[in-house]
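Asks: Got a structure here, written out as structure tokens. Questions coming.
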Amino acid sequence: MLDEVHEPSAHVDLSVTYDAVIVGSGAAGGMAAHVLTSHGMKVLLLEAGKKLPIEKELRSMEWPYDHPRRGDMPPDDRAITRNEYTIRKPPYAKGSPYRHVFSYVQGWAGSDYSKNIVVDEKDHPYTGTNFAWVRARTFGGKTAIWGRLALRLSDYDFQAASRDGYGENWPIRYADIEPYYDRVDNYLGISGLKENLPYLPDSRFQRPNKLTHAEILFRRSLEKRGRLITPYRAGVTTDGLKHNKYRSKCFGRGACDRRAGGCDIHAAFDSPTGLIYPAWDTGNLTVRTNATVYEITVDKNSGKASGVSFIDTESKKTYQAKAKVVVLGASTLESARLMLLSKSTQHPNGIGNSSNHVGHNFCEHLMGPGVTGIVKSLVGAPKTLDDGRPGGFYLPRFRNLTEKRSDYIRGYGYEGEAGSHMFPDHAYGIPGYGAAFKKTVRDRQGAMITMGAFGEVLARYENYVDLDPRMKDRWGVPVLRFHIEFGDNERAMARDMADSAKEMFEDAGIEVTGVDRDVLTPGWSIHELGTARMGTDPKKSVLNAFQQSHDVKNLFVVDGSSHVSASNQNPTWTIMALCWRSCDYLADRFKKGEL
Amino acid sequence: MDRRDLIKLSAGAALTAKAAGAHRFFTGDEFAVVEELTEAIIPADEKSGGAKAARVADYIDKRLAEAFDASERDQWRSGLKPFVAAAAPDRAAMLDRLAAANDLFFLTLKKATIKAYYTSRIGIHDDLDYQGNVYQSGDYAGKLP
């Protein structure tokens with residue numbers, strides 16, 4: 001699929017003043033481009049990475065034996081391992097003899113399919129505490145390889161502080177964002193099953209993925225506890241989208257389980273085909289890739305944002321883009337970095353940072369604890385066609401909803417799956433060798449069930465990032481320094497995650513073969529949030545309820561950095577719903593001349 | 001796989017071996033031992049071919065030849081040494097001892113065999129009867145609760 005219409009050019013017109021410049025082309029930047037251009041605004045979208053021939057990268061249907069290294073990267077490239085993240089401190093690629101060093105993201109088949117999408121750690125170092133920072137500097141950002149679980153938040157999340165007294169409430173309620181969740185559902189497509197849970201609102205679902213045999217058995221067993229597993233709520237169009245010619249409906253045909261994945265027929269949402277190409281077709285959008293923004297420029301008289309400065313990643317030449325409104329969607333950590341980098345006489349601590357909260361109140365999802373087991377009735381059963389689903393199941397939160405635990409606050413959910421996959425991961429855990437080993441691998445194929453927890457990491461002022469005073473990236477831009485650690489609440493929650501998982505499996509008659517209790521390095525969930533949070537009090541927050549800077553009214557930050565708390569639901573759908581709402585507001589105020 | 005496929009496959013294998021001029025990293029003796037050991041780990045049975053038919057040794061040879069970290073090659077070479085030196089009837093007992101001791105070389109050998117075998121045509125299609133990676137129309141994959 002050669003697409004010549006949507007080929008970004010390095011020669012964009014920088015003599016004009018755009019209505020808005022957007023930094024970043026992922027879920028947030030893409031949504032901002034879609035909404036602002038639909039309101040007739042003239043928009044320049046800058047992406048630091050390059051535009052890849054994405055279908056050639058992902059090759060979703062390629063068989064492992066047709067790949068020279070069965071999916072692994074070339075020999076002089078490598079990915080950082082789980083152990084390295086635990087033992088060593090960043091910058092993790094320092095002194096590495098390998099040509100390229102990538103973050104941990106790997107499927108069972110290695111990561112030859114995603115290596116060009118994520119950054120080379122050698123070019124993009126960072127310092128401080130242990131942190132697994134996965135960045136995708138490419139057109140479309142992390143939406144090229146995202147996990148696709150698309151969940152809504154509820155007032156249990158937006159009003160969490162009122163419920164347990166910790167932290168801050170969001171400046172919005174579910175009723176404010178619900179219409180925008182609906183719009184995101186309808187415009188991008190989401191598959192799922194209605195469950196009527198007040199703490200995990202249903203979306204406007206297309207046809208759900210189904211549960212496999214083992215998953216159905218597990219769901220039935222959970223009923224007596226008042227819990228459930230529901231088919232993966234995937235940001236995937238299963239019925240198709242008549243209004244978008246760039247996307248196909250899901251045919252259940254890829255090796256969707258080969259994470260880090262991506263979907264080369266674009267049934268799974270990605271920002272370019274879902275949002276940016278349609279925006280481009282309005283004639284109101286200009287796109288420039290290889291454009292790393294390193295500063296938000298400021299008008300000396302008004303103190304307002306006047307545009308951005310960027311460096312061409314190839315030529316290293318610097319440029320200025322002028323705009324009446326600046327919209328950041330560079331990702332939670334990169335947007336914070338950019339605000340901190342943008343120091344001026346009017347904004348000595350960085351733009352929009354009079355509160356000194358930029359970079360602070362970091363939150364995310366706790367990962368690691370989980371369980372694996374065998375559904376004994378399926379051992380040796382004939383194999384079924386279970387692959388091709390965008391995901392397996394989701395087990396929603398059940399803690400601190402009606403009862404209150406004494407050992408920790410907030411909650412967690414599990415993602416899991418069961419069924420026959422292309423590769424038998426369980427083989428690595430079966431002892432011995434020979435004929436019996438081979439038969440055991442075969443018999444257990446399709447009988448294994450596994451799930452891992454995603455829990456809320458509390459937002460704390462003390463968990464923050466700032467600029468490293470010395471280290472710079474390949475383009476000479478100061479890098480982030482991390483000061484992020486988990487606390488007692490996370491540790492207590494992690495214990496319960498493992499215990500509960502084991503208990504639920506045992507209850508269902510599943511033979512538990514492994515219980516993970518270790519917490520993974522911060523950052524592992526790739527759900528970084530909260531470094532420029534929204535709020536009503538400009539002293540304790542960076543943005544208002546429309547993701548508009550309290551200090552600089554023509555600066556909006558529309559990515560995950562605006563989130564007040566992490567909750568335990570995967571954030572992408574909320575990022576896009578919030579962004580849509582804010583950009584409607586932005587366009588309205590822009591037309592009224594109030595920015 | 002029918003007979004015609006088998007003939008095609010053998011012809012292809014012969015061609016590849018000829019073009020490459022024997023093995024890339026292993027010596028002839030080492031290669032023979034790797035074939036034997038990987039076949040011992042995943043043998044042919046009534047259901048499917050084993051590591052030898054799936055050309056697991058060939059895959060390991062290719063990967064080691066290009067490995068960036070020379071210590072990987074050293075580990076294999078020194079791990080194989082006692083097997084190459086041993087009389088053929090003794091090798092099975094040696095492998096047993098290493099497996100029982102959870103020896104590092106045994107684990108490396110086993111891991112490489114698993115990866116190579118279960119990403120091969122024989123492993124995926126013949127042994128595990130994998131049915132996915134196909135276009136599906138209408139409803140697919142499992143049931144609704």
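Letters for chains follow the order of the structure tokens (A, B, ...), residue numbers begin at 1 for each chain, and ligand numbers begin at 1 in the order shown.
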Do me a favour and pick out the residues of chain A within 8 Å of chain B, using only C-alpha atoms, as a PyMOL selection string.
Replies: chain A and resi 61+64-65+69-70+75-76+98+209-213+216+219+251-255+383-389+420-424+427-428+432-435+437-438+442+445
Asks: Next, the residues of the selection above should be written as a compact mmCIF listing (two decimals), in the first residue's frame with N, CA and C atoms.
Replies:
```txt
# COMPACT_ATOMS: atom_id res chain seq x y z
N MET A 61 1.40 -10.92 9.06
CA MET A 61 1.10 -12.30 8.68
C MET A 61 2.33 -13.14 8.38
N PRO A 64 7.10 -17.20 11.14
CA PRO A 64 8.46 -17.11 11.71
C PRO A 64 9.51 -17.75 10.81
N TYR A 65 9.17 -18.87 10.18
CA TYR A 65 10.18 -19.58 9.38
C TYR A 65 10.47 -18.87 8.05
N ARG A 69 15.76 -14.63 10.87
CA ARG A 69 16.13 -14.85 12.27
C ARG A 69 14.91 -15.17 13.11
N ARG A 70 13.91 -15.70 12.46
CA ARG A 70 12.66 -16.06 13.14
C ARG A 70 12.13 -14.91 13.99
N PRO A 75 22.13 -9.14 14.39
CA PRO A 75 23.04 -9.47 15.50
C PRO A 75 23.67 -8.28 16.21
N ASP A 76 23.85 -7.17 15.50
CA ASP A 76 24.49 -6.05 16.19
C ASP A 76 23.49 -5.11 16.85
N TYR A 98 27.06 -2.57 21.02
CA TYR A 98 26.08 -2.85 19.96
C TYR A 98 25.77 -1.59 19.16
N ASN A 209 -14.82 -9.54 20.47
CA ASN A 209 -14.03 -10.76 20.29
C ASN A 209 -14.61 -11.79 21.23
N LYS A 210 -14.40 -13.01 20.92
CA LYS A 210 -15.00 -14.03 21.77
C LYS A 210 -13.99 -14.57 22.77
N LEU A 211 -14.52 -15.25 23.73
CA LEU A 211 -13.66 -15.89 24.72
C LEU A 211 -13.37 -17.31 24.27
N THR A 212 -12.20 -17.80 24.61
CA THR A 212 -11.87 -19.20 24.29
C THR A 212 -12.48 -20.10 25.35
N HIS A 213 -12.44 -21.38 25.08
CA HIS A 213 -13.04 -22.38 25.97
C HIS A 213 -12.57 -22.19 27.42
N ILE A 216 -14.01 -19.11 29.05
CA ILE A 216 -15.42 -19.25 29.43
C ILE A 216 -15.52 -19.99 30.77
N ARG A 219 -14.59 -17.57 33.45
CA ARG A 219 -15.65 -16.57 33.68
C ARG A 219 -16.77 -17.16 34.55
N PHE A 251 -10.12 -9.02 10.45
CA PHE A 251 -10.40 -10.33 9.87
C PHE A 251 -9.87 -11.48 10.72
N GLY A 252 -9.43 -11.15 11.91
CA GLY A 252 -8.92 -12.20 12.79
C GLY A 252 -7.82 -13.00 12.14
N ARG A 253 -6.96 -12.31 11.39
CA ARG A 253 -6.09 -13.06 10.51
C ARG A 253 -4.61 -12.92 10.83
N GLY A 254 -4.26 -12.05 11.71
CA GLY A 254 -2.84 -11.85 11.95
C GLY A 254 -2.35 -12.67 13.11
N ALA A 255 -1.06 -12.60 13.31
CA ALA A 255 -0.49 -13.18 14.52
C ALA A 255 -0.58 -12.09 15.58
N LYS A 383 -6.68 -29.28 18.94
CA LYS A 383 -6.39 -27.84 18.90
C LYS A 383 -7.52 -27.09 18.19
N THR A 384 -7.78 -25.87 18.68
CA THR A 384 -8.81 -25.05 18.08
C THR A 384 -8.18 -23.77 17.54
N LEU A 385 -8.93 -23.06 16.73
CA LEU A 385 -8.43 -21.80 16.16
C LEU A 385 -8.71 -20.69 17.16
N ASP A 386 -7.72 -20.31 17.92
CA ASP A 386 -7.91 -19.31 18.97
C ASP A 386 -7.19 -18.00 18.68
N ASP A 387 -6.32 -17.99 17.69
CA ASP A 387 -5.50 -16.80 17.43
C ASP A 387 -6.24 -15.85 16.49
N GLY A 388 -5.68 -14.67 16.35
CA GLY A 388 -6.31 -13.68 15.48
C GLY A 388 -7.17 -12.71 16.25
N ARG A 389 -7.25 -12.88 17.56
CA ARG A 389 -7.97 -11.91 18.37
C ARG A 389 -7.03 -10.77 18.73
N SER A 420 -4.79 -21.51 22.01
CA SER A 420 -3.64 -21.90 21.19
C SER A 420 -3.04 -20.70 20.49
N HIS A 421 -1.77 -20.47 20.74
CA HIS A 421 -1.05 -19.43 20.03
C HIS A 421 -0.06 -20.07 19.07
N MET A 422 0.58 -19.23 18.28
CA MET A 422 1.52 -19.78 17.32
C MET A 422 2.73 -20.39 18.02
N PHE A 423 3.16 -19.75 19.09
CA PHE A 423 4.36 -20.22 19.78
C PHE A 423 4.03 -20.68 21.19
N PRO A 424 4.50 -21.87 21.60
CA PRO A 424 4.17 -22.38 22.94
C PRO A 424 5.13 -21.84 24.00
N ALA A 427 6.60 -23.95 26.82
CA ALA A 427 7.66 -24.96 26.63
C ALA A 427 8.89 -24.63 27.47
N TYR A 428 9.18 -23.34 27.61
CA TYR A 428 10.38 -22.95 28.38
C TYR A 428 10.28 -23.37 29.84
N GLY A 432 12.95 -31.11 31.88
CA GLY A 432 13.32 -32.33 31.17
C GLY A 432 13.45 -32.14 29.68
N TYR A 433 13.52 -33.26 28.98
CA TYR A 433 13.65 -33.22 27.52
C TYR A 433 13.21 -34.56 26.97
N GLY A 434 13.19 -34.65 25.65
CA GLY A 434 12.88 -35.93 25.04
C GLY A 434 11.40 -36.09 24.69
N ALA A 435 11.02 -37.34 24.44
CA ALA A 435 9.68 -37.63 23.94
C ALA A 435 8.60 -37.14 24.91
N PHE A 437 8.83 -34.73 27.12
CA PHE A 437 8.83 -33.26 27.09
C PHE A 437 8.02 -32.78 25.88
N LYS A 438 8.33 -33.34 24.74
CA LYS A 438 7.65 -32.91 23.51
C LYS A 438 6.14 -33.12 23.60
N ARG A 442 3.00 -30.30 23.63
CA ARG A 442 1.88 -30.42 22.69
C ARG A 442 0.55 -30.52 23.42
N GLN A 445 -0.55 -27.22 24.86
CA GLN A 445 -0.85 -26.14 23.91
C GLN A 445 -2.36 -25.96 23.85
```
Asks: Please provide the set of residues having any atom within 12 Å of A:Val35, restricted to only C-alpha atoms, with same-chain residues fewer than 6 positions apart removed, written as a PyMOL selection string.
Replies: chain A and resi 20+22+28-29+41-43+180+183-184+187+275-276+278-280+282+284-285+558+576-588
Asks: As JSON, numbers by chain, please: all residues of stretch 220-387 of chain A that backbone DSSP puts in helix (DSSP H, G or I).
Replies: {"A": [220, 221, 222, 223, 224, 225, 271, 272, 273, 274, 275, 276, 277, 278, 279, 280, 332, 333, 334, 335, 336, 337, 338, 339, 340, 341, 376, 377, 378]}
Asks: Taking the DSSP assignment computed from this structure's backbone, write out as a compact mmCIF listing (two decimals) with N, CA and C atoms, in the first residue's frame all residues of stretch 294-384 of chain A that belong to strand (DSSP E or B).
Replies:
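states-v6.txt written:
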```txt
# COMPACT_ATOMS: atom_id res chain seq x y z
N TYR A 294 12.34 21.51 20.42
CA TYR A 294 13.15 21.61 21.65
C TYR A 294 12.80 22.84 22.48
N GLU A 295 11.92 23.70 21.96
CA GLU A 295 11.53 24.86 22.75
C GLU A 295 10.20 25.42 22.27
N ILE A 296 9.39 25.84 23.23
CA ILE A 296 8.19 26.61 22.90
C ILE A 296 8.60 28.06 23.01
N THR A 297 8.47 28.79 21.91
CA THR A 297 8.92 30.18 21.93
C THR A 297 7.84 31.07 22.55
N VAL A 298 8.29 32.19 23.08
CA VAL A 298 7.39 33.06 23.84
C VAL A 298 7.44 34.47 23.29
N ALA A 305 2.63 31.95 24.14
CA ALA A 305 3.41 31.13 23.24
C ALA A 305 3.30 31.70 21.83
N SER A 306 4.43 31.72 21.11
CA SER A 306 4.40 32.28 19.76
C SER A 306 4.70 31.22 18.70
N GLY A 307 4.99 30.02 19.14
CA GLY A 307 5.32 28.94 18.20
C GLY A 307 6.33 28.01 18.84
N VAL A 308 7.09 27.33 18.00
CA VAL A 308 8.08 26.38 18.53
C VAL A 308 9.37 26.45 17.70
N SER A 309 10.46 26.04 18.33
CA SER A 309 11.71 25.85 17.60
C SER A 309 11.93 24.35 17.48
N PHE A 310 12.37 23.93 16.30
CA PHE A 310 12.64 22.50 16.15
C PHE A 310 13.93 22.27 15.38
N ILE A 311 14.45 21.06 15.55
CA ILE A 311 15.70 20.69 14.88
C ILE A 311 15.37 19.53 13.93
N ASP A 312 15.91 19.61 12.74
CA ASP A 312 15.73 18.50 11.80
C ASP A 312 16.65 17.36 12.24
N THR A 318 18.23 24.01 12.53
CA THR A 318 17.11 24.41 13.38
C THR A 318 16.16 25.34 12.63
N TYR A 319 14.91 25.28 13.02
CA TYR A 319 13.86 26.06 12.36
C TYR A 319 12.91 26.61 13.41
N GLN A 320 12.14 27.62 13.01
CA GLN A 320 11.08 28.16 13.86
C GLN A 320 9.75 28.01 13.14
N ALA A 321 8.76 27.62 13.88
CA ALA A 321 7.40 27.60 13.32
C ALA A 321 6.55 28.54 14.16
N LYS A 322 5.80 29.40 13.48
CA LYS A 322 4.97 30.38 14.21
C LYS A 322 3.52 29.91 14.25
N ALA A 323 2.90 30.08 15.40
CA ALA A 323 1.51 29.65 15.52
C ALA A 323 0.80 30.46 16.59
N LYS A 324 -0.52 30.58 16.42
CA LYS A 324 -1.31 31.35 17.40
C LYS A 324 -1.63 30.51 18.64
N VAL A 325 -1.61 29.21 18.46
CA VAL A 325 -1.84 28.31 19.60
C VAL A 325 -0.82 27.17 19.52
N VAL A 326 -0.28 26.77 20.68
CA VAL A 326 0.64 25.63 20.72
C VAL A 326 -0.03 24.49 21.48
N VAL A 327 -0.05 23.32 20.86
CA VAL A 327 -0.69 22.15 21.46
C VAL A 327 0.35 21.06 21.63
N LEU A 328 0.58 20.63 22.86
CA LEU A 328 1.57 19.58 23.10
C LEU A 328 0.89 18.23 23.21
N CYS A 363 2.46 9.46 37.65
CA CYS A 363 1.77 8.22 38.04
C CYS A 363 1.71 7.29 36.83
N HIS A 365 1.02 2.68 35.86
CA HIS A 365 0.45 1.40 36.30
C HIS A 365 1.54 0.43 36.74
N LEU A 366 1.23 -0.19 37.84
CA LEU A 366 2.10 -1.17 38.45
C LEU A 366 1.93 -2.50 37.73
N MET A 367 3.04 -3.11 37.35
CA MET A 367 2.96 -4.39 36.63
C MET A 367 3.90 -5.42 37.22
N GLY A 368 3.66 -6.65 36.91
CA GLY A 368 4.56 -7.72 37.32
C GLY A 368 3.81 -8.90 37.89
N PRO A 369 3.07 -8.69 39.00
CA PRO A 369 2.37 -9.83 39.60
C PRO A 369 1.35 -10.45 38.65
N GLY A 370 1.33 -11.75 38.64
CA GLY A 370 0.40 -12.45 37.77
C GLY A 370 0.50 -13.94 37.99
N VAL A 371 -0.25 -14.68 37.22
CA VAL A 371 -0.33 -16.11 37.45
C VAL A 371 -0.51 -16.85 36.12
N THR A 372 0.04 -18.06 36.08
CA THR A 372 -0.11 -18.92 34.91
C THR A 372 -0.60 -20.28 35.38
N GLY A 373 -1.46 -20.90 34.60
CA GLY A 373 -1.96 -22.20 35.02
C GLY A 373 -2.43 -23.05 33.85
N ILE A 374 -2.82 -24.26 34.19
CA ILE A 374 -3.27 -25.22 33.19
C ILE A 374 -4.73 -25.56 33.44
```
Asks: Stretch 86-96 of chain A: which residues within 8 Å, counting only C-alpha atoms, same-chain residues fewer than 5 positions away excluded, as number ranges by chain?
Replies: A: 80, 101, 121-122, 125-131, 520-521
Asks: Mind dumping the selected residues with N, CA and C atoms as a PDB file, in the first residue's frame?
Replies:
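Final output, saved to result.pdb:
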```pdb
ATOM      1  N   ILE A  80      17.229  -3.978  25.715  1.00  0.00           N
ATOM      2  CA  ILE A  80      17.581  -4.004  27.138  1.00  0.00           C
ATOM      3  C   ILE A  80      16.730  -5.077  27.818  1.00  0.00           C
ATOM      4  N   VAL A 101      20.653  -0.020  20.485  1.00  0.00           N
ATOM      5  CA  VAL A 101      20.101  -0.607  21.704  1.00  0.00           C
ATOM      6  C   VAL A 101      18.668  -0.097  21.845  1.00  0.00           C
ATOM      7  N   GLU A 121      18.205   3.761  22.140  1.00  0.00           N
ATOM      8  CA  GLU A 121      18.564   4.318  23.454  1.00  0.00           C
ATOM      9  C   GLU A 121      19.901   5.059  23.413  1.00  0.00           C
ATOM     10  N   LYS A 122      20.742   4.716  22.462  1.00  0.00           N
ATOM     11  CA  LYS A 122      22.042   5.387  22.373  1.00  0.00           C
ATOM     12  C   LYS A 122      21.881   6.859  22.009  1.00  0.00           C
ATOM     13  N   PRO A 125      19.391   9.082  25.589  1.00  0.00           N
ATOM     14  CA  PRO A 125      19.654   8.640  26.964  1.00  0.00           C
ATOM     15  C   PRO A 125      18.802   9.398  27.986  1.00  0.00           C
ATOM     16  N   TYR A 126      18.749   8.877  29.193  1.00  0.00           N
ATOM     17  CA  TYR A 126      18.159   9.588  30.325  1.00  0.00           C
ATOM     18  C   TYR A 126      18.872   9.098  31.568  1.00  0.00           C
ATOM     19  N   THR A 127      18.663   9.809  32.687  1.00  0.00           N
ATOM     20  CA  THR A 127      19.435   9.498  33.892  1.00  0.00           C
ATOM     21  C   THR A 127      18.497   9.365  35.098  1.00  0.00           C
ATOM     22  N   GLY A 128      19.079   9.046  36.234  1.00  0.00           N
ATOM     23  CA  GLY A 128      18.312   9.016  37.483  1.00  0.00           C
ATOM     24  C   GLY A 128      17.959   7.613  37.931  1.00  0.00           C
ATOM     25  N   THR A 129      16.761   7.489  38.477  1.00  0.00           N
ATOM     26  CA  THR A 129      16.329   6.197  39.024  1.00  0.00           C
ATOM     27  C   THR A 129      15.964   5.229  37.904  1.00  0.00           C
ATOM     28  N   ASN A 130      15.898   3.954  38.240  1.00  0.00           N
ATOM     29  CA  ASN A 130      15.553   2.920  37.247  1.00  0.00           C
ATOM     30  C   ASN A 130      14.208   3.227  36.609  1.00  0.00           C
ATOM     31  N   PHE A 131      14.184   3.159  35.300  1.00  0.00           N
ATOM     32  CA  PHE A 131      12.932   3.433  34.608  1.00  0.00           C
ATOM     33  C   PHE A 131      12.997   2.834  33.215  1.00  0.00           C
ATOM     34  N   LEU A 520       7.695  -5.108  38.358  1.00  0.00           N
ATOM     35  CA  LEU A 520       8.597  -4.692  37.286  1.00  0.00           C
ATOM     36  C   LEU A 520       9.048  -3.242  37.491  1.00  0.00           C
ATOM     37  N   THR A 521      10.140  -2.913  36.864  1.00  0.00           N
ATOM     38  CA  THR A 521      10.710  -1.566  36.948  1.00  0.00           C
ATOM     39  C   THR A 521       9.660  -0.505  36.588  1.00  0.00           C
TER      40      THR A 521
END
```
Asks: Hey, what's within 12 Å of A:Asp182 if we count only C-alpha atoms and toss same-chain stuff fewer than 6 positions away? As a list in words, please?
Replies: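 My list of contacting residues is Leu151, Arg152, Tyr174, Ala175, Asp176, Leu188, Gly189, Ile190, Pro201, Asp202, Ser203, Arg204, Phe205, Trp573, Thr574, Met576, Ala577, Leu578, Trp580 and Arg581 of chain A.
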Asks: Which distance in Å separates atom CA of B:Gly79 and atom CA of A:Lys439, to one decimal?
Replies: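 Between atom CA of B:Gly79 and atom CA of A:Lys439 the gap works out to 26.7 Å.
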Asks: Counting only C-alpha atoms, what is within 10 Å of A:Leu333, bar same-chain residues fewer than 4 positions away, as a PDB file with N, CA and C atoms, in the first residue's frame?
Replies:
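And here is the file that came out, around21.pdb:
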```pdb
ATOM      1  N   TRP A 133      11.780   3.207  29.910  1.00  0.00           N
ATOM      2  CA  TRP A 133      11.082   4.247  29.154  1.00  0.00           C
ATOM      3  C   TRP A 133      11.010   3.862  27.684  1.00  0.00           C
ATOM      4  N   ARG A 135       9.833   4.656  24.100  1.00  0.00           N
ATOM      5  CA  ARG A 135       9.423   5.784  23.269  1.00  0.00           C
ATOM      6  C   ARG A 135       9.371   5.355  21.816  1.00  0.00           C
ATOM      7  N   ARG A 337       9.170  17.513  29.557  1.00  0.00           N
ATOM      8  CA  ARG A 337      10.550  17.905  29.228  1.00  0.00           C
ATOM      9  C   ARG A 337      10.554  19.202  28.416  1.00  0.00           C
ATOM     10  N   LEU A 338       9.667  19.272  27.449  1.00  0.00           N
ATOM     11  CA  LEU A 338       9.594  20.432  26.567  1.00  0.00           C
ATOM     12  C   LEU A 338       9.187  21.691  27.334  1.00  0.00           C
ATOM     13  N   VAL A 358       5.190  21.072  37.054  1.00  0.00           N
ATOM     14  CA  VAL A 358       5.525  20.385  35.799  1.00  0.00           C
ATOM     15  C   VAL A 358       6.599  19.325  36.079  1.00  0.00           C
ATOM     16  N   GLY A 359       6.349  18.132  35.634  1.00  0.00           N
ATOM     17  CA  GLY A 359       7.278  17.014  35.880  1.00  0.00           C
ATOM     18  C   GLY A 359       6.921  16.231  37.131  1.00  0.00           C
ATOM     19  N   PHE A 362       3.915  12.375  38.979  1.00  0.00           N
ATOM     20  CA  PHE A 362       3.976  11.285  38.012  1.00  0.00           C
ATOM     21  C   PHE A 362       3.196  10.081  38.547  1.00  0.00           C
ATOM     22  N   TYR A 464       8.977  12.478  40.400  1.00  0.00           N
ATOM     23  CA  TYR A 464       9.030  13.523  39.375  1.00  0.00           C
ATOM     24  C   TYR A 464      10.208  13.327  38.430  1.00  0.00           C
ATOM     25  N   VAL A 465      10.172  14.093  37.362  1.00  0.00           N
ATOM     26  CA  VAL A 465      11.313  14.194  36.446  1.00  0.00           C
ATOM     27  C   VAL A 465      11.740  15.651  36.366  1.00  0.00           C
ATOM     28  N   ASP A 466      13.049  15.851  36.175  1.00  0.00           N
ATOM     29  CA  ASP A 466      13.535  17.192  35.861  1.00  0.00           C
ATOM     30  C   ASP A 466      14.605  17.057  34.773  1.00  0.00           C
ATOM     31  N   LEU A 480      16.018  14.021  30.322  1.00  0.00           N
ATOM     32  CA  LEU A 480      15.280  13.918  31.580  1.00  0.00           C
ATOM     33  C   LEU A 480      16.073  13.129  32.613  1.00  0.00           C
ATOM     34  N   GLU A 528       2.739   6.023  31.186  1.00  0.00           N
ATOM     35  CA  GLU A 528       3.180   7.180  31.966  1.00  0.00           C
ATOM     36  C   GLU A 528       2.103   8.263  31.939  1.00  0.00           C
ATOM     37  N   LEU A 529       1.867   8.853  33.111  1.00  0.00           N
ATOM     38  CA  LEU A 529       0.801   9.850  33.236  1.00  0.00           C
ATOM     39  C   LEU A 529       1.171  10.905  34.268  1.00  0.00           C
ATOM     40  N   GLY A 530       0.529  12.059  34.163  1.00  0.00           N
ATOM     41  CA  GLY A 530       0.456  12.975  35.297  1.00  0.00           C
ATOM     42  C   GLY A 530       1.557  13.996  35.525  1.00  0.00           C
ATOM     43  N   THR A 531       2.364  14.367  34.569  1.00  0.00           N
ATOM     44  CA  THR A 531       3.452  15.313  34.830  1.00  0.00           C
ATOM     45  C   THR A 531       3.056  16.769  34.584  1.00  0.00           C
ATOM     46  N   ALA A 532       1.813  17.000  34.181  1.00  0.00           N
ATOM     47  CA  ALA A 532       1.317  18.376  34.003  1.00  0.00           C
ATOM     48  C   ALA A 532      -0.182  18.342  34.286  1.00  0.00           C
ATOM     49  N   ASP A 559      -1.953  15.406  26.147  1.00  0.00           N
ATOM     50  CA  ASP A 559      -1.606  13.986  26.282  1.00  0.00           C
ATOM     51  C   ASP A 559      -1.787  13.517  27.725  1.00  0.00           C
ATOM     52  N   GLY A 560      -1.230  12.365  28.048  1.00  0.00           N
ATOM     53  CA  GLY A 560      -1.417  11.761  29.362  1.00  0.00           C
ATOM     54  C   GLY A 560      -0.840  12.560  30.514  1.00  0.00           C
ATOM     55  N   SER A 561      -0.004  13.542  30.217  1.00  0.00           N
ATOM     56  CA  SER A 561       0.570  14.342  31.302  1.00  0.00           C
ATOM     57  C   SER A 561      -0.515  15.090  32.066  1.00  0.00           C
TER      58      SER A 561
END
```
Asks: For A:Arg148, find every residue with an atom within 6 Å (counting only C-alpha atoms), except residues of its own chain fewer than 2 positions away, and show them as a ChimeraX atom specification.
Replies: /A:146,150,234-235
Asks: Leaving out stretch 456-458 of chain A and any residue of its chain fewer than 6 positions from it, which residues lie within 10 Å of it when counting only C-alpha atoms, given as a PyMOL selection string?
Replies: chain A and resi 166-167+361-367+409-413+485-487+489-491+493+522+529+564-569
Asks: Mind giving me the straight-line distance from atom CA of A:Glu506 to atom CA of A:Arg227 in Å, one decimal?
Replies: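 Calculated distance between atom CA of A:Glu506 and atom CA of A:Arg227 is 14.8 Å.
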